[in-house]
Structures are given as structure tokens and as C-alpha cells.
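Quick notes on the structure that follows.
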Amino acid sequence: MLRIFKRTQTTPQEIADQAQRTLSGECRKWDVDSYENRSLKDPTLNDLHSRTLSFGLPETWVKLDDVEKKKLRGIIEEMRQLRSDRP
């Protein structure tokens with residue numbers, strides 16, 4: 001249980017891939033829970049992650065309208081633009 005609250009070192013690409021899979025409905029069994037419970041060390045990536053959660057629970061993203069999906073894809077793209085070797 002303690003692991004859920006631990007800040008993890010995860011690359012922006014990994015988080016973006018997980019968000020994209022969830023948005024497209026191709027997520028694996030624990031992707032949604034894993035995505036929701038992330039606490040990321042990089043403050044910029046953590047902010048982008050939080051912004052994605054403002055669209056509602058990740059398991060509902062597949063039901064978003066096209067405008068909202070486009071906004072969410074924009075945030076995912078911002079994640080992909082972050083360098084993996086950020087401090």
C-alpha cells in the first residue's frame with residue numbers, strides 16, 4: 001500500500017503512452033488504477049498528469065466528445081515533448 005504514495009521516476013513517454021492507451025480504450029487491466037495513483041517526481045510532468053485527470057476518471061475518457069479528446073491528446077503530446085532526462 002505504501003508504494004501507491006511513493007513518488008516514482010517514470011519517463012514522460014511512459015506516462016504519455018499509458019494515457020494514450022487509456023484514451024483509446026486499449027488499456028490493460030491495471031493501467032487505469034496505475035495511472036490515477038501516480039505521484040511523479042518531475043513537477044512539470046506531474047502537472048500535466050494532473051491536467052489529464054481534470055477530464056474525469058480515466059476509465060471514462062473513451063466516452064469524451066471529440067473536442068475534449070482533442071484537448072486531452074494535446075496534453076499527452078506535451079508530455080511526449082518533455083525530455084526523459086529532466087532533473
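Ordered as shown in the C-alpha cells, chains take letters A, B, and onward, while each chain numbers its residues from 1 and ligands are numbered from 1 in the order shown.
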
*Which neighbours of Gly56 of chain A fall inside 12 Å, counting only C-alpha atoms, when residues of the same chain fewer than 6 positions from it are skipped, and could you give them as a ChimeraX atom specification?*
/A:23,32,36,50,62-64,68-69,72

*Thr60 of chain A environment, 10 Å, only C-alpha atoms, sequence neighbours closer than 5 positions dropped, as a count of residues only*: 4

_Residue list (alpha helix (DSSP H), DSSP) for chain A, as number ranges by chain_ = A: 2-5, 12-24, 31-36, 43-53, 66-81

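For the set A:Trp61, A:Thr10, A:Glu78, A:Thr44, the residue with the smallest atom-to-atom gap to Ser24 of chain A is A:Trp61, counting only C-alpha atoms.
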
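One finds atom CA of Leu45 of chain A at 10.3 Å from atom CA of Gln81 of chain A.
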